[in-house]
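Colleague: I am sharing query09.txt, which consists of compact mmCIF, C-alpha atoms and all ligand atoms:
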# COMPACT_ATOMS: atom_id res chain seq x y z
CA MET A 1 0.00 0.00 0.00
CA THR A 2 1.46 3.36 -1.02
CA VAL A 3 0.82 6.06 1.51
CA HIS A 4 0.98 9.72 0.55
CA LYS A 5 1.00 11.77 3.66
CA SER A 6 2.42 15.19 4.28
CA LYS A 7 4.06 16.07 7.51
CA LEU A 8 2.03 18.32 9.80
CA ILE A 9 3.56 21.17 11.77
CA ALA A 10 1.01 22.41 14.30
CA GLY A 11 1.62 25.31 16.63
CA ASN A 12 0.01 25.15 20.07
CA TRP A 13 -0.04 28.69 21.35
CA LYS A 14 -1.38 27.51 24.73
CA MET A 15 -2.60 30.53 26.77
CA ASN A 16 -0.41 33.02 24.95
CA ALA A 17 -2.10 35.48 22.61
CA SER A 18 -3.46 38.97 22.11
CA LEU A 19 -5.18 40.60 19.17
CA ALA A 20 -2.07 42.59 18.35
CA SER A 21 0.51 39.82 18.83
CA ASN A 22 -1.57 37.31 16.84
CA GLU A 23 -1.69 39.66 13.91
CA THR A 24 2.04 40.35 14.00
CA LEU A 25 2.94 36.66 14.37
CA LEU A 26 0.65 35.41 11.62
CA LYS A 27 1.60 38.18 9.22
CA ALA A 28 5.25 37.18 9.56
CA VAL A 29 4.51 33.44 9.22
CA LEU A 30 2.30 33.97 6.17
CA GLU A 31 4.94 36.18 4.54
CA GLY A 32 7.68 33.62 5.14
CA LEU A 33 5.70 30.49 4.37
CA GLY A 34 6.14 30.31 0.61
CA ALA A 35 5.05 27.11 -1.09
CA SER A 36 5.03 24.75 1.87
CA VAL A 37 4.93 21.04 1.14
CA CYS A 38 3.94 20.14 4.67
CA ASP A 39 0.63 20.97 6.32
CA VAL A 40 0.65 23.82 8.82
CA ALA A 41 -1.84 24.64 11.58
CA VAL A 42 -2.11 26.94 14.56
CA CYS A 43 -4.12 25.89 17.63
CA VAL A 44 -5.20 29.09 19.30
CA PRO A 45 -7.10 30.08 22.45
CA GLY A 46 -10.89 30.08 21.99
CA PRO A 47 -11.46 33.84 22.12
CA TYR A 48 -9.18 34.32 19.12
CA LEU A 49 -10.68 31.70 16.80
CA ALA A 50 -12.64 34.30 14.83
CA GLN A 51 -9.71 36.69 14.48
CA VAL A 52 -7.20 34.01 13.51
CA GLY A 53 -9.73 32.28 11.27
CA GLY A 54 -10.12 35.53 9.36
CA ILE A 55 -6.39 36.07 9.03
CA VAL A 56 -5.56 32.54 7.82
CA SER A 57 -8.65 32.17 5.64
CA GLY A 58 -7.64 31.14 2.12
CA SER A 59 -4.04 30.55 3.19
CA ALA A 60 -2.04 27.36 3.72
CA ILE A 61 -2.46 27.64 7.50
CA ALA A 62 -5.30 25.65 9.03
CA LEU A 63 -7.14 26.79 12.13
CA GLY A 64 -6.99 24.64 15.25
CA ALA A 65 -8.43 24.64 18.76
CA GLN A 66 -6.68 23.50 21.92
CA ASP A 67 -9.55 21.46 23.31
CA VAL A 68 -13.12 20.42 22.57
CA SER A 69 -15.96 19.44 24.86
CA ALA A 70 -16.89 15.79 25.25
CA HIS A 71 -20.53 16.93 25.33
CA PRO A 72 -22.66 18.03 22.38
CA SER A 73 -24.34 21.03 24.09
CA GLY A 74 -26.03 22.09 27.30
CA ALA A 75 -25.13 23.06 30.84
CA TYR A 76 -21.34 22.75 30.68
CA THR A 77 -20.08 26.15 31.74
CA GLY A 78 -16.82 27.15 30.13
CA GLU A 79 -16.82 24.43 27.50
CA GLN A 80 -16.74 24.80 23.73
CA SER A 81 -18.58 22.21 21.65
CA ALA A 82 -17.32 20.64 18.47
CA ALA A 83 -20.29 22.17 16.63
CA MET A 84 -19.22 25.64 17.79
CA LEU A 85 -15.65 25.05 16.69
CA GLN A 86 -16.91 23.79 13.36
CA GLU A 87 -18.82 27.06 12.85
CA PHE A 88 -15.52 28.92 13.10
CA GLY A 89 -13.83 26.74 10.50
CA VAL A 90 -11.72 24.78 12.97
CA ARG A 91 -9.93 21.89 11.24
CA TYR A 92 -7.92 20.44 14.14
CA ALA A 93 -8.53 20.16 17.88
CA ILE A 94 -5.93 19.06 20.39
CA VAL A 95 -7.36 16.52 22.85
CA GLY A 96 -5.77 15.03 25.94
CA HIS A 97 -2.85 17.42 26.13
CA SER A 98 -0.86 16.61 29.27
CA GLU A 99 -1.66 20.07 30.65
CA ARG A 100 -5.37 19.20 30.42
CA ARG A 101 -4.72 15.80 32.00
CA GLN A 102 -2.59 17.35 34.76
CA TYR A 103 -4.47 20.54 35.62
CA HIS A 104 -8.02 19.56 34.68
CA GLY A 105 -8.02 15.91 35.66
CA GLU A 106 -8.82 14.65 32.18
CA ARG A 107 -8.84 10.90 32.16
CA ASP A 108 -8.46 8.54 29.23
CA GLU A 109 -12.24 8.07 28.89
CA VAL A 110 -12.82 11.82 28.57
CA VAL A 111 -10.05 12.13 26.01
CA SER A 112 -11.67 9.34 24.05
CA ALA A 113 -15.10 11.01 24.19
CA LYS A 114 -13.59 14.30 23.02
CA THR A 115 -11.93 12.49 20.14
CA ALA A 116 -15.29 11.02 19.10
CA MET A 117 -17.00 14.39 19.32
CA ALA A 118 -14.38 16.07 17.14
CA LEU A 119 -14.55 13.30 14.54
CA ARG A 120 -18.33 13.52 14.45
CA HIS A 121 -18.03 17.18 13.41
CA GLY A 122 -15.34 16.72 10.81
CA ILE A 123 -12.60 18.10 13.04
CA THR A 124 -9.34 16.17 13.13
CA PRO A 125 -8.41 15.41 16.73
CA ILE A 126 -4.74 15.63 17.65
CA VAL A 127 -4.67 13.03 20.40
CA CYS A 128 -1.82 13.59 22.85
CA VAL A 129 -0.11 10.80 24.74
CA GLY A 130 3.03 10.84 26.83
CA GLU A 131 4.69 9.72 30.00
CA THR A 132 5.90 11.76 32.96
CA LEU A 133 9.52 11.72 34.04
CA ALA A 134 8.68 9.42 36.97
CA GLU A 135 6.93 7.02 34.63
CA ARG A 136 9.88 6.98 32.22
CA GLU A 137 12.32 6.40 35.04
CA ALA A 138 10.14 3.58 36.32
CA GLY A 139 10.28 1.95 32.88
CA GLN A 140 6.57 2.55 32.29
CA THR A 141 6.72 4.61 29.08
CA GLU A 142 5.37 1.88 26.83
CA GLU A 143 2.61 0.90 29.24
CA VAL A 144 1.45 4.52 29.69
CA VAL A 145 1.36 5.60 26.07
CA LYS A 146 -0.25 2.34 24.97
CA ARG A 147 -2.94 2.69 27.64
CA GLN A 148 -3.67 6.27 26.60
CA LEU A 149 -3.93 5.38 22.91
CA ALA A 150 -5.85 2.16 23.57
CA ALA A 151 -8.68 4.12 25.20
CA VAL A 152 -9.10 6.20 22.06
CA ILE A 153 -8.85 3.18 19.78
CA HIS A 154 -11.37 1.27 21.87
CA ASP A 155 -14.09 3.88 21.34
CA ASN A 156 -13.12 5.19 17.91
CA GLY A 157 -11.68 2.17 16.19
CA HIS A 158 -13.93 2.44 13.16
CA CYS A 159 -12.52 5.86 12.25
CA ILE A 160 -9.12 5.67 13.88
CA SER A 161 -7.41 6.40 10.57
CA GLU A 162 -8.89 9.92 10.75
CA ILE A 163 -6.98 10.96 13.87
CA VAL A 164 -3.57 12.51 14.39
CA VAL A 165 -1.53 11.26 17.34
CA ALA A 166 0.98 13.42 19.19
CA TYR A 167 3.65 11.83 21.36
CA GLU A 168 4.57 14.41 23.98
CA PRO A 169 6.82 13.19 26.78
CA VAL A 170 5.68 15.36 29.69
CA TRP A 171 9.26 15.81 30.89
CA ALA A 172 10.16 17.44 27.57
CA ILE A 173 7.32 19.96 27.43
CA GLY A 174 8.48 23.52 27.93
CA THR A 175 11.61 22.30 29.72
CA GLY A 176 14.16 22.60 26.93
CA LYS A 177 14.85 18.87 27.41
CA THR A 178 13.99 17.24 24.11
CA ALA A 179 13.69 13.52 23.64
CA THR A 180 16.55 12.36 21.45
CA PRO A 181 15.52 11.41 17.93
CA GLU A 182 16.14 7.76 18.90
CA GLN A 183 14.01 7.99 22.06
CA ALA A 184 11.18 9.63 20.16
CA GLN A 185 11.40 7.24 17.21
CA ALA A 186 11.27 4.25 19.56
CA VAL A 187 7.96 5.41 21.06
CA HIS A 188 6.54 6.45 17.69
CA HIS A 189 7.36 2.98 16.38
CA LEU A 190 5.45 1.42 19.27
CA LEU A 191 2.47 3.66 18.62
CA ARG A 192 2.58 2.84 14.91
CA ALA A 193 2.49 -0.85 15.71
CA GLN A 194 -0.49 -0.32 18.00
CA LEU A 195 -2.28 1.63 15.28
CA HIS A 196 -1.44 -1.10 12.77
CA HIS A 197 -3.04 -3.65 15.03
CA ALA A 198 -6.21 -1.52 15.08
CA ALA A 199 -6.30 -0.18 11.54
CA GLY A 200 -4.13 -2.49 9.44
CA ASP A 201 -2.47 -0.83 6.47
CA HIS A 202 -4.26 2.45 7.21
CA ALA A 203 -1.90 2.91 10.17
CA ALA A 204 0.87 3.95 7.81
CA GLY A 205 -1.21 6.98 6.86
CA ILE A 206 -1.91 8.13 10.43
CA ARG A 207 0.32 11.03 11.36
CA ILE A 208 2.21 10.73 14.62
CA LEU A 209 3.64 14.09 15.71
CA TYR A 210 6.38 14.68 18.23
CA GLY A 211 5.97 17.46 20.79
CA GLY A 212 8.27 18.61 23.57
CA SER A 213 10.79 21.42 23.19
CA MET A 214 11.01 20.98 19.43
CA ASN A 215 12.88 23.93 18.00
CA ALA A 216 14.67 25.09 14.90
CA ALA A 217 17.89 23.34 15.92
CA ASN A 218 16.55 19.89 16.78
CA ALA A 219 13.67 19.72 14.29
CA PRO A 220 15.71 18.40 11.31
CA GLN A 221 16.89 15.29 13.16
CA LEU A 222 13.54 14.61 14.82
CA LEU A 223 11.56 15.06 11.62
CA ALA A 224 13.92 12.79 9.69
CA GLN A 225 12.89 9.78 11.82
CA PRO A 226 10.77 7.32 9.86
CA ASP A 227 7.81 7.36 12.24
CA ILE A 228 7.84 11.07 13.11
CA ASP A 229 5.31 12.72 10.84
CA GLY A 230 5.46 16.25 12.13
CA GLY A 231 5.52 18.31 15.28
CA LEU A 232 3.23 19.82 17.87
CA ILE A 233 5.12 22.95 18.75
CA GLY A 234 4.57 25.04 21.86
CA GLY A 235 7.04 27.80 22.68
CA ALA A 236 8.73 27.88 19.30
CA SER A 237 5.41 28.42 17.53
CA LEU A 238 5.15 31.85 19.15
CA LYS A 239 8.24 33.10 17.34
CA SER A 240 7.71 33.43 13.61
CA ALA A 241 11.35 32.80 12.67
CA ASP A 242 11.53 29.62 14.76
CA PHE A 243 8.18 28.32 13.56
CA LEU A 244 9.16 28.98 9.94
CA GLN A 245 12.48 27.17 10.40
CA ILE A 246 10.67 24.11 11.76
CA ILE A 247 8.30 24.19 8.79
CA ALA A 248 11.32 24.50 6.49
CA ALA A 249 12.91 21.47 8.15
CA ALA A 250 9.74 19.45 7.52
CA ASN A 251 9.73 20.58 3.90
CA ASP A 252 13.39 19.64 3.49
CA VAL A 253 12.77 16.15 4.84
CA ALA A 254 9.79 15.70 2.53
CA LYS A 255 11.78 16.91 -0.47
CA ALA A 256 14.65 14.61 0.39
CA GLY A 257 12.17 11.77 0.10
CA VAL A 258 12.77 10.39 3.56
CA ARG A 259 9.06 9.67 3.72
CA PRO A 260 7.00 8.39 0.80
O1 LIG B 1 1.67 21.17 22.59
C1 LIG B 1 2.87 21.44 22.59
C2 LIG B 1 3.75 20.83 23.55
O2 LIG B 1 3.21 20.85 24.82
C3 LIG B 1 5.18 21.23 23.45
O3 LIG B 1 5.41 22.46 24.07
P1 LIG B 1 6.89 23.08 23.97
O4 LIG B 1 7.26 23.05 22.52
O5 LIG B 1 6.77 24.46 24.51
O6 LIG B 1 7.77 22.18 24.78
Spit out the file's structure as C-alpha cells when you get a sec.

Modeller:
Amino acid sequence: MTVHKSKLIAGNWKMNASLASNETLLKAVLEGLGASVCDVAVCVPGPYLAQVGGIVSGSAIALGAQDVSAHPSGAYTGEQSAAMLQEFGVRYAIVGHSERRQYHGERDEVVSAKTAMALRHGITPIVCVGETLAEREAGQTEEVVKRQLAAVIHDNGHCISEIVVAYEPVWAIGTGKTATPEQAQAVHHLLRAQLHHAAGDHAAGIRILYGGSMNAANAPQLLAQPDIDGGLIGGASLKSADFLQIIAAANDVAKAGVRP
C-alpha cells in the first residue's frame, strides 16, 4: 500500500495570545511560508478563533483549537462544543494534552469522548499521549502511552485512521529537554504498531507528531525519523522565525524523500 502523507507542523499557542501579537505573528509566518509542502496549523485560544480564522482564511495555514468538549451542548459552563468550533472553521482540535490531563483531571475516557465528538463534526483530533519523568524512570513509558492510545482506539476504532496522534513526553514539554531522535522514534514505532493492530495498512497513513521542546535546531533530526510525521510545537510556535524554520525542516525532509 502506497501512503501519501504530508508532515504536519502544528503550533500550540497555549494561553499566549493577544489581538495585536496574533496579527504580527501570523503576518510574519504567512509572509515567510512560501510554497510549503507540509501541512501547517495553529491551535489558538478560543477567544481568538474568529480573528485568527479571518487572518488565515484562504491561506495554507489551518485553524486549530486547543480542546473540545466531550458533550454536544447544554449546561457545561466554560466548554466549547465541536459544533461551535466547526462554525468557526476549525480543522484540528488538540485533545488530551498533558496540561489538560494534569491541571483539569482529564482521564483517558474523557479524552476518548472528546476524540469522538471532534470526529463527528469533521474536526481532526490531535490526540496527545506521553509519560511523565517518573513514569519513564520507572520503565513505564510503553505501558502509559499504549494505555492512553488504547482508550481512544477502543471507542473510535472504526474511524481511527482519521486521527492525528501526538507523542509528547511530559518531561520534555516547555523544559528545553527534548527527547533524542532515537528515544522519540522508539515510542513512535510502538504507537505505529499499535495503530497497525487496530487499523491495518491504514496505520501507515496516520500522522504521529512529536511534541516537547522541538525547536529550529533539533527539528531536522527529529523530523527525519521514519515514524515522526510532524511536530506539535509550543514555545517555538510563538516566534515566527523559529516556527518557519521548523516548517522548512519538515519541507526539506519531505523533499529529500525520507518519507514516501
Ligand atoms: O503542545 C505542545 C507541547 O506541549 C510542546 O510544548 P513546547 O514546545 O513548549 O515544549

Colleague: Which residue is closest to ligand LIG 1 (chain B)? Choose from A:Asp229, A:Glu23, A:Asp201, A:Asp67 and count all atoms listed in the file.

Modeller: A:Asp67

Colleague: Kindly work out which residues sit at most 7 Å from ligand LIG 1 (chain B), using all atoms listed in the file, and give the list as a PyMOL selection string.

Modeller: chain A and resi 12+97+168+172-176+211-214+232-236

Colleague: Near Ala28 in chain A, counting only C-alpha atoms, which residues have an atom at most 7 Å away, once you skip same-chain residues fewer than 4 positions from it, shown as a short mmCIF file (atom, residue, chain, number, x, y, z; two decimals) with C-alpha atoms, keeping the file's coordinate frame?

Modeller:
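Saved file part_27.cif follows:
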data_model
loop_
_atom_site.label_atom_id
_atom_site.label_comp_id
_atom_site.auth_asym_id
_atom_site.auth_seq_id
_atom_site.Cartn_x
_atom_site.Cartn_y
_atom_site.Cartn_z
CA THR A 24 2.04 40.35 14.00
CA GLY A 32 7.68 33.62 5.14
CA SER A 240 7.71 33.43 13.61
#

Colleague: Using only C-alpha atoms, which residues sit within 10 Å of Lys255 in chain A once same-chain residues fewer than 5 positions away are excluded, as a PyMOL selection string?

Modeller: chain A and resi 37-38+249-250+260

Colleague: What is the CA of Ile55 in chain A to CA of Tyr210 in chain A distance in Å?

Modeller: 26.6 Å

Colleague: State, in Å with one decimal place, the distance from CA of Val165 in chain A to CA of Ile208 in chain A.

Modeller: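 Computing the Euclidean distance for CA of Val165 in chain A and CA of Ile208 in chain A yields 4.7 Å.
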
Colleague: Fewer than 4 positions away in the same chain doesn't count, so skip those; otherwise give me all residues within 12 Å of Glu162 in chain A, counting all atoms listed in the file, as a tab-separated table (two decimals) with C-alpha atoms, in the coordinates of the input.

Modeller:
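Written out: part33.tsv:
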chain	number	residue	atom	x	y	z
A	92	TYR	CA	-7.92	20.44	14.14
A	115	THR	CA	-11.93	12.49	20.14
A	116	ALA	CA	-15.29	11.02	19.10
A	118	ALA	CA	-14.38	16.07	17.14
A	119	LEU	CA	-14.55	13.30	14.54
A	120	ARG	CA	-18.33	13.52	14.45
A	121	HIS	CA	-18.03	17.18	13.41
A	122	GLY	CA	-15.34	16.72	10.81
A	123	ILE	CA	-12.60	18.10	13.04
A	124	THR	CA	-9.34	16.17	13.13
A	125	PRO	CA	-8.41	15.41	16.73
A	126	ILE	CA	-4.74	15.63	17.65
A	127	VAL	CA	-4.67	13.03	20.40
A	152	VAL	CA	-9.10	6.20	22.06
A	153	ILE	CA	-8.85	3.18	19.78
A	156	ASN	CA	-13.12	5.19	17.91
A	157	GLY	CA	-11.68	2.17	16.19
A	158	HIS	CA	-13.93	2.44	13.16
A	195	LEU	CA	-2.28	1.63	15.28
A	199	ALA	CA	-6.30	-0.18	11.54
A	202	HIS	CA	-4.26	2.45	7.21
A	203	ALA	CA	-1.90	2.91	10.17
A	204	ALA	CA	0.87	3.95	7.81
A	205	GLY	CA	-1.21	6.98	6.86
A	206	ILE	CA	-1.91	8.13	10.43
A	207	ARG	CA	0.32	11.03	11.36
A	208	ILE	CA	2.21	10.73	14.62

Colleague: May I ask for the distance between CA of Glu143 in chain A and CA of Tyr103 in chain A, given in Å to one decimal place?

Modeller: 21.8 Å

Colleague: Need to verify the contact set: Val52 in chain A, 8 Å, all atoms listed in the file, exclusion of same-chain residues closer than 6 positions in sequence. Can you return it as a PyMOL selection string?

Modeller: chain A and resi 22-23+44+63

Colleague: Find the residues near Gly46 in chain A: any atom within 12 Å, counting only C-alpha atoms, skip ones fewer than 6 places away on the same chain, and give them as number ranges by chain.

Modeller: A: 13-18, 52-53, 63-68, 78-82, 84-85, 88, 90, 93

Colleague: List as a PyMOL selection string: which residues have an atom within 10 Å of (17.3, 26.3, 13.1), counting all atoms listed in the file?

Modeller: chain A and resi 215-220+241-246+248-249

Colleague: Pick from A:Ala62, A:Val170, A:Ala83, A:Ala186: nearest to Arg100 in chain A, with only C-alpha atoms counted?

Modeller: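 Residue with the minimum atom-to-atom distance to Arg100 in chain A: A:Val170.
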
Colleague: Choose the residue, out of A:Glu182, A:Glu106, A:Glu87, A:Glu31, that has the smallest atom-to-atom separation from Ser69 in chain A; count all atoms listed in the file.

Modeller: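 Checking each candidate against Ser69 in chain A, we get A:Glu106 as the closest.
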
Colleague: For a quick check of understanding, using all atoms listed in the file, which of A:Leu149, A:Arg136, A:Ala166, A:Leu26 has the smallest distance to Gln183 in chain A?

Modeller: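 Counting all atoms listed in the file, the residue closest to Gln183 in chain A is A:Arg136.
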